[in-house]
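Let me begin by presenting the structure, written as structure tokens, before commenting on it.
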Amino acid sequence: MITATFGAAIAIGLPFVGASVVRKDASVWTLQGCFTDSSTSRTLAGTSFASANMTVESCTSVCDAGGFSLAGVEFGSECFCDHALQSPGTLTSTSNCNKACGGASTEFCGAGNFIDVYWNGTPPPTSPLQVGTWTYSGCFSDSVSSRQLPNRQTTSGGVTVESCTSACKASGLAIAGLEFGQECWCGSGPLTSSLSNDNNCATACVANTTEFCGGASRLQVYQDLTAQVCLSSTLTTGFNLNAVPVTPNAPAIPLHVHIIQTVPLVSWSVLTALSDTLFTSTLLTNGGLLPMSTSQPQFRTASLTTKPGDSPIFVTTQFPPTAVGPYCAMANPLVPNGPQVLGLNGRNDLWALCTNISTSNPSNRIDAVYSPGAGNPHYNLSSCQSVLLEIV
């Protein structure tokens with residue numbers, strides 16, 4: 001998480017405390033080290049000023065007055081403040097921060113694209129993992145031209161994680177996103193942008209600097225676990241599925257796409273607990289599932305429409321149809337911040353494992369079934385076990 005990353009940076013910087021006169025502490029501010037920086041992606045991005053008479057003391061004084069916990073001097077004459085280190089700034093050798101301060105030739109003030117960072121001991125902000133019924137879902141890319149969450153909310157007293165999630169809930173929307181320290185956005189999903197590193201959501205909330213509120217073009221996203229909302233209909237990294245019984249302490253059961261029928265040039269498969277190594281992972285693309293085979297990459301497989309009471313069906317052929325569902329990734333209702341789960345038609349709680357009793361299946365294969373019902377010739381409803389399908 002962001003806190004761990006920042007804490008590690010502080011720990012690395014501590015040996016510099018009490019160093020020589022050219023790398024001095026300023027009042028309660030202690031030197032944490034020399035970090036990389038750039039004009040297009042500042043390591044400290046809260047506020048800044050420049051002065052030909054820059055000193056470490058004048059910089060930390062301005063940052064202190066602004067309520068910031070980090071101060072940085074750069075290029076001999078520049079001062080930057082923030083509540084947390086911003087990505088992609090990284091700790092580097094102190095020898096890179098070799099430019100004297102314009103107002104104190106006995107002090108170092110960073111260098112070109114290198115910044116000496118000081119800290120006043122105030123703990124960095126955090127991203128709460130749980131706020132009431134809302135759980136943290138990650139940091140997502142966003143843009144002005146293509147908003148991931150279309151409904152902006154105004155909150156009295158300023159934007160915080162608590163005020164934003166409350167505003168979204170009051171509007172009947174189950175996804176909340178905080179951005180750029182002071183923006184609150186709401187929606188019902190699914191998000192179509194890529195998941196970003198948590199370090200990119202490292203802008204402190206203007207209204208509460210102990211919390212993060214996203215970043216520049218980055219949404220810090222929360223989902224109300226009392227609602228079922230699609231987070232994403234596309235996952236570009238291959239995954240597998242585990243059936244996790246909703247009963248406590250029951251073991252997870254790996255699922256596989258297994259071919260059940262083949263005719264010339266076409267095969268059909270189901271999602272089952274039967275062990276199978278042909279399909280090694282699955283992609284989620286625009287709501288459709290695409291099982292992948294590393295041993296036989298010529299296989300092109302796509303999900304077909306799944307009706308309530310049936311198992312997910314897949315077809316393999318040279319020119320398969322567009323994969324359909326609609327499937328999506330959703331927050332895990334059993335394990336907050338745990339693996340996401342697979343939903344179908346906006347529901348993740350209708351999956352079950354059912355023993356297949358059809359005469360064409362003498363091995364009593366256990367299949368995944370969506371919304372099982374009575375009277376199905378392939379299983380007895382009484383034998384079905386409710387599960388969630390975890391994306392792993």
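Labels for the structure tokens follow display order: chains A, B, ..., residues from 1 in each chain, ligands from 1.
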Next on the checklist: Using only C-alpha atoms, which protein or nucleic acid residues come within 10 Å of Ala100 of chain A? Drop anything in the same chain fewer than 5 positions from it, and give the result as a VMD selection string.
Outcome noted: chain A and resid 22 54 to 55 74 to 77 105 to 111
Please produce an output containing C-alpha atoms for each residue in the selection, written as a PDB file, in the first residue's frame.
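Now in selection_27.pdb:
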ATOM      1  CA  VAL A  22      25.962  20.683   4.447  1.00  0.00           C
ATOM      2  CA  MET A  54      16.689  29.571  -0.947  1.00  0.00           C
ATOM      3  CA  THR A  55      17.759  27.735   2.204  1.00  0.00           C
ATOM      4  CA  GLU A  74      15.931  21.379  -5.623  1.00  0.00           C
ATOM      5  CA  PHE A  75      18.286  23.044  -8.100  1.00  0.00           C
ATOM      6  CA  GLY A  76      19.565  25.434  -5.444  1.00  0.00           C
ATOM      7  CA  SER A  77      16.537  27.716  -5.603  1.00  0.00           C
ATOM      8  CA  SER A 105      26.446  28.115   0.338  1.00  0.00           C
ATOM      9  CA  THR A 106      27.127  25.663   3.196  1.00  0.00           C
ATOM     10  CA  GLU A 107      23.903  23.752   2.543  1.00  0.00           C
ATOM     11  CA  PHE A 108      22.893  21.443  -0.268  1.00  0.00           C
ATOM     12  CA  CYS A 109      19.582  22.126  -2.076  1.00  0.00           C
ATOM     13  CA  GLY A 110      19.200  19.146  -4.390  1.00  0.00           C
ATOM     14  CA  ALA A 111      20.251  19.510  -8.041  1.00  0.00           C
TER      15      ALA A 111
END
Checklist outcome for this item: Between A:Thr60, A:Ser188, A:Thr36, A:Asn364, smallest distance to Val229 of chain A by only C-alpha atoms belongs to A:Ser188
Checklist entry - Which neighbours of segment 138-141 of chain A fall inside 7 Å, counting only C-alpha atoms, when residues of the same chain fewer than 3 positions from it are skipped, and could you give them as a ChimeraX atom specification? => result /A:193-198,201,217-221
Checklist entry - If you run DSSP on this backbone, which residues of segment 13-125 of chain A come out as strand (DSSP E or B), and could you give them as a PyMOL selection string? => result chain A and resi 26+29-36+47-50+70-74+78-82+91-92+100-101+104-108+111+114-119
Next on the checklist: I want to know what sits within 12 Å of Ser48 of chain A, based on only C-alpha atoms, with residues of the same chain fewer than 2 positions away left out; could you give that as a ChimeraX atom specification?
Outcome noted: /A:39,42-46,50-51,59-60,62-63,66,68,70-74,77-82
Checklist entry - segment 88-93 of chain A: which residues within 10 Å, counting only C-alpha atoms, same-chain residues fewer than 6 positions away excluded, as a VMD selection string? => result chain A and resid 9 to 10 12 to 13 32 to 38 41 to 44 114 to 117 199 to 200
Kindly assemble as a Markdown table a list of the segment 192-291 of chain A residues that lie within 9 Å of segment 298-318 of chain A, each paired with its nearest atom pair and their distance in Å to one decimal, using only C-alpha atoms, sorted first by chain and then by ascending residue number.
| residue | atom | partner | partner_atom | distance |
| --- | --- | --- | --- | --- |
| A:Val257 | CA | A:Phe314 | CA | 8.1 |
| A:Ile259 | CA | A:Phe314 | CA | 8.6 |
| A:Leu265 | CA | A:Thr317 | CA | 5.9 |
| A:Val266 | CA | A:Thr317 | CA | 4.8 |
| A:Ser267 | CA | A:Thr316 | CA | 5.0 |
| A:Trp268 | CA | A:Val315 | CA | 4.6 |
| A:Ser269 | CA | A:Phe314 | CA | 5.0 |
| A:Val270 | CA | A:Ile313 | CA | 4.9 |
| A:Leu271 | CA | A:Pro312 | CA | 5.9 |
| A:Thr272 | CA | A:Ser311 | CA | 8.5 |
| A:Gly288 | CA | A:Ser303 | CA | 6.1 |
| A:Leu289 | CA | A:Ser303 | CA | 5.3 |
| A:Leu290 | CA | A:Ala302 | CA | 4.9 |
| A:Pro291 | CA | A:Thr301 | CA | 5.8 |
Checklist entry - Can you list, as a VMD selection string, every protein, DNA or RNA residue that comes within 9 Å of segment 120-137 of chain A when you count only C-alpha atoms, leaving out same-chain residues fewer than 5 positions away? => result chain A and resid 1 to 3 6 to 7 27 to 30 60 64 68 to 71 83 to 84 161 to 162 165 174 to 176 201 to 205 208 to 214 220 to 226 231 331 336 to 337
